[in-house]
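Presented below is the structure to which this report refers.
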Amino acid sequence: MSIAAAASRATPTAKPATKPKPLGGLFLACVVVAICIWGGNWPVMKFGSQYIPPLWFAASRFLSAAILSFVIAFAIGKLRLPTRAEWPIVVGVGVLQMGLFTALVTGALHFVMPGRASLIAYATSIWVVPGAALVLKHKLSGRQSLATVCSYAGMAVIVLPALLHADLHSMIGYLMLGTASLSWAMNILQIKLTPNVKLDFDLLPWQTLVAALPLCALAFTFEGAPLFLAESHSWYVIAYTGPLATALTFLIVLQMTQRLSPVTVSVCMLGVPVVGLTLSALVFGEKLSGDLMLGMGLLCLGLLLPALPSMGVRRLAAKG
């Protein structure tokens with residue numbers, strides 16, 4: 001009897017141990033898909049910006065994402081109001097990371113090519129690292145200081161040669177991208193200052209709604225009625241940037257953020273501008289110049305340097 005009882009107790013614990021392999025492979029595939037979708041979103045936004053006004057482009061993206069997020073949350077039983085402690089994070093993510101970031105990036109794509117734009121917009125580390133030292137009182141290690149220098153050098157290599165031959169419109173585009181990057185960095189610092197709030201899918205519908213409502217109001221005020229909706233091809237662009245590249249992709253990224261270490265997530269996100277740059281070169285003929293490749297290498301080095309001490313194989317396997 002004792003042997004049978006022991007066997008029955010051992011059986012439930014043995015079952016979960018056999019499942020991580022296929023689930024891990026599926027999850028890895030989802031992460032790769034999310035990176036490719038986000039990277040592909042940059043050429044799509046450049047294409048859509050040719051006939052969709054920037055504010056309406058950003059508004060339609062998050063309004064469609066909000067509708068889909070509310071439907072999914074209701075269907076899986078996760079639709080709820082945020083708590084009082086969660087509302088500042090909901091507003092911060094919705095306004096800074098989603099609304100303001102996307103509006104500035106979409107506007108900037110009227111002036112610059114998407115490949116170079118994606119590198120500048122995703123270079124949030126140039127703001128986060130010194131911001132963490134000033135706001136969070138974090139002391140920078142020698143490796144982190146070197147990473148910051150590499151990030152700033154990468155930005156200088158990417159932006160300065162272009163500025164030397166840029167007209168006023170291009171300079172406006174680069175300024176908008178730098179401000180977008182700063183906006184996302186501010187939200188990262190806000191989240192770090194609020195560790196007790198968990199970023200889960202429960203908050204995604206409200207974050208996208210917070211982003212969509214002011215963008216719709218601004219779009220109506222400054223760009224008039226959404227006349228572009230009368231053209232069928234605009235719906236294909238909105239379907240990609242909203243439900244696909246925002247709502248569904250955020251489902252994967254939220255799970256990725258919860259399951260993997262921050263180091264692994266940051267390394268994975270490096271694939272987004274790489275995919276965007278590659279597709280931009282293929283679709284729009286954006287030249288992969290030496291300064292662009294060097295700047296991208298320095299930015300990647302700046303993001304990877306703080307991660308190197310903790311990128312042990314065993315730890316990554318345990319986190320995955």
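Residue numbering restarts at 1 for every chain of the structure tokens, chains are lettered A, B, ... in their displayed order, and ligands are numbered from 1 as they appear.
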
For A:Ala217, work out the shell of residues within 12 Å, counting only C-alpha atoms and skipping chain neighbours fewer than 3 positions away, then give it as a ChimeraX atom specification. /A:55-56,58-60,63,210-214,220-226

- Message: Can you tell me which residues surround stretch 147-160 of chain A at a distance of at most 6 Å, considering only C-alpha atoms, apart from same-chain residues fewer than 2 positions away, and format the answer as a PyMOL selection string?
- Response: chain A and resi 126+144-145+162-163+291-292+295+298-299+302+305

Restrict the selected residues to all heavy atoms and save them as a compact mmCIF listing (two decimals), in the first residue's frame.
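The resulting file, selection.txt, is shown below:
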```txt
# COMPACT_ATOMS: atom_id res chain seq x y z
N ILE A 126 19.73 55.20 -23.78
CA ILE A 126 20.50 56.44 -23.61
C ILE A 126 19.82 57.37 -22.61
O ILE A 126 20.46 58.26 -22.05
CB ILE A 126 20.72 57.16 -24.95
CG1 ILE A 126 19.39 57.66 -25.52
CG2 ILE A 126 21.41 56.27 -25.94
CD1 ILE A 126 19.56 58.57 -26.73
N GLN A 144 28.22 49.45 -16.95
CA GLN A 144 27.06 50.26 -17.32
C GLN A 144 27.48 51.61 -17.88
O GLN A 144 26.87 52.14 -18.81
CB GLN A 144 26.15 50.44 -16.11
CG GLN A 144 25.41 49.17 -15.71
CD GLN A 144 24.65 49.34 -14.41
OE1 GLN A 144 25.08 50.06 -13.51
NE2 GLN A 144 23.50 48.68 -14.31
N SER A 145 28.54 52.18 -17.31
CA SER A 145 29.05 53.46 -17.83
C SER A 145 29.57 53.29 -19.25
O SER A 145 29.31 54.14 -20.12
CB SER A 145 30.17 53.98 -16.92
OG SER A 145 29.69 54.20 -15.60
N ALA A 162 23.74 62.23 -40.83
CA ALA A 162 22.50 62.57 -41.53
C ALA A 162 22.15 64.04 -41.33
O ALA A 162 21.65 64.70 -42.25
CB ALA A 162 21.36 61.68 -41.03
N LEU A 163 22.42 64.57 -40.14
CA LEU A 163 22.10 65.97 -39.86
C LEU A 163 22.96 66.91 -40.68
O LEU A 163 22.53 68.02 -41.05
CB LEU A 163 22.27 66.27 -38.37
CG LEU A 163 21.23 65.66 -37.42
CD1 LEU A 163 21.54 66.04 -35.98
CD2 LEU A 163 19.83 66.12 -37.80
N ASP A 291 27.87 54.18 -41.77
CA ASP A 291 27.53 54.84 -40.52
C ASP A 291 26.32 54.21 -39.86
O ASP A 291 26.26 54.09 -38.62
CB ASP A 291 27.30 56.34 -40.75
CG ASP A 291 26.10 56.60 -41.65
OD1 ASP A 291 26.04 55.99 -42.74
OD2 ASP A 291 25.23 57.40 -41.27
N LEU A 292 25.35 53.76 -40.68
CA LEU A 292 24.16 53.13 -40.12
C LEU A 292 24.50 51.80 -39.47
O LEU A 292 24.04 51.49 -38.36
CB LEU A 292 23.12 52.92 -41.23
CG LEU A 292 21.69 52.61 -40.79
CD1 LEU A 292 21.14 53.72 -39.92
CD2 LEU A 292 20.80 52.42 -42.01
N GLY A 295 26.61 52.48 -36.29
CA GLY A 295 25.75 52.98 -35.21
C GLY A 295 24.89 51.90 -34.61
O GLY A 295 24.73 51.82 -33.39
N LEU A 298 27.05 49.78 -32.33
CA LEU A 298 27.33 50.44 -31.04
C LEU A 298 26.12 50.43 -30.13
O LEU A 298 26.24 50.23 -28.91
CB LEU A 298 27.79 51.88 -31.29
CG LEU A 298 29.20 52.04 -31.88
CD1 LEU A 298 29.45 53.48 -32.31
CD2 LEU A 298 30.26 51.60 -30.86
N LEU A 299 24.92 50.65 -30.70
CA LEU A 299 23.71 50.61 -29.88
C LEU A 299 23.49 49.20 -29.32
O LEU A 299 23.15 49.05 -28.14
CB LEU A 299 22.50 51.03 -30.72
CG LEU A 299 22.35 52.52 -31.02
CD1 LEU A 299 21.15 52.76 -31.92
CD2 LEU A 299 22.21 53.32 -29.74
N GLY A 302 25.90 48.66 -26.57
CA GLY A 302 25.48 49.38 -25.38
C GLY A 302 24.38 48.69 -24.62
O GLY A 302 24.32 48.75 -23.39
N LEU A 305 26.12 45.06 -23.13
CA LEU A 305 27.17 45.10 -22.12
C LEU A 305 26.67 44.89 -20.69
O LEU A 305 27.25 44.09 -19.95
CB LEU A 305 27.94 46.43 -22.22
CG LEU A 305 29.06 46.48 -23.26
CD1 LEU A 305 29.62 47.88 -23.37
CD2 LEU A 305 30.15 45.49 -22.91
```

Any idea what's packed within 10 Å of A:Ser170, counting only C-alpha atoms, ignoring anything in its chain fewer than 4 positions away? Could you give it as a list in words?
Ala108, Leu109, His110, Phe111, Val112, Met113, Ala162, Leu163, His165, Ala166, Tyr174, Leu175 and Met176 of chain A

Practice problem: Please provide as a list of chain:residue names all residues within 9 Å of A:Phe101, with the sequence filter that same-chain residues fewer than 2 positions apart are discarded (counting only C-alpha atoms). | Solution: A:Val95, A:Leu96, A:Gln97, A:Met98, A:Gly99, A:Ala103, A:Leu104, A:Val105, A:Thr106, A:Ala121, A:Leu177, A:Thr179, A:Ala180, A:Ser181, A:Leu182, A:Ser183, A:Trp184

Identify all residues of stretch 65-264 of chain A in alpha helix (DSSP H) (DSSP on the backbone) and supply them as a PyMOL selection string. chain A and resi 65-75+87-92+101-108+114-121+125-134+142-164+168-192+204-223+232-239+249-259+262-264

Check: From the list A:Met293, A:Leu204, A:Ala281, A:Val272, which residue is nearest A:Ala66 when using only C-alpha atoms?
Finding: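 Under the stated criterion, the closest residue is A:Leu204.
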
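Distance-wise, atom CA of A:Val237 and atom CA of A:Gly271 end up 21.9 Å apart.
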
Taking only C-alpha atoms into account, name the residue in A:Leu119, A:Val44, A:Val128, A:Leu215 that is nearest to A:Phe284.
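That would be A:Val44, the residue with the smallest distance to A:Phe284.
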
Discussion item. When you count only C-alpha atoms, which of these residues is closest to A:Glu231: A:Val135, A:Val31, A:Leu209, A:Ile52?
Written reply: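 Ranked by minimum distance to A:Glu231, first place goes to A:Ile52.
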
I want to know what sits within 9 Å of A:Ala34, based on only C-alpha atoms, with residues of the same chain fewer than 2 positions away left out; could you give that as a count of residues only?
15

Shell around A:Ser69 at 9 Å using only C-alpha atoms, local window under 4 positions removed, as an NGL selection string
:A and (64-65 or 73-74 or 201 or 204-206 or 208 or 243 or 247-248)

Interatomic distance, atom CA of A:Lys78 to atom CA of A:Asn41 (Å, one decimal):
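According to the coordinates, atom CA of A:Lys78 and atom CA of A:Asn41 are separated by 27.5 Å.
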
Next item on the list: Tell me, as an MDAnalysis selection string, which residues lie within 10 Å of A:Ala85, counting only C-alpha atoms; anything in the same chain fewer than 3 positions away does not count.
Entry: chainID A and resid 82 88:90 194 196:197

Taken to one decimal, the atom CA of A:Arg61-atom CA of A:Leu229 distance is 12.7 Å
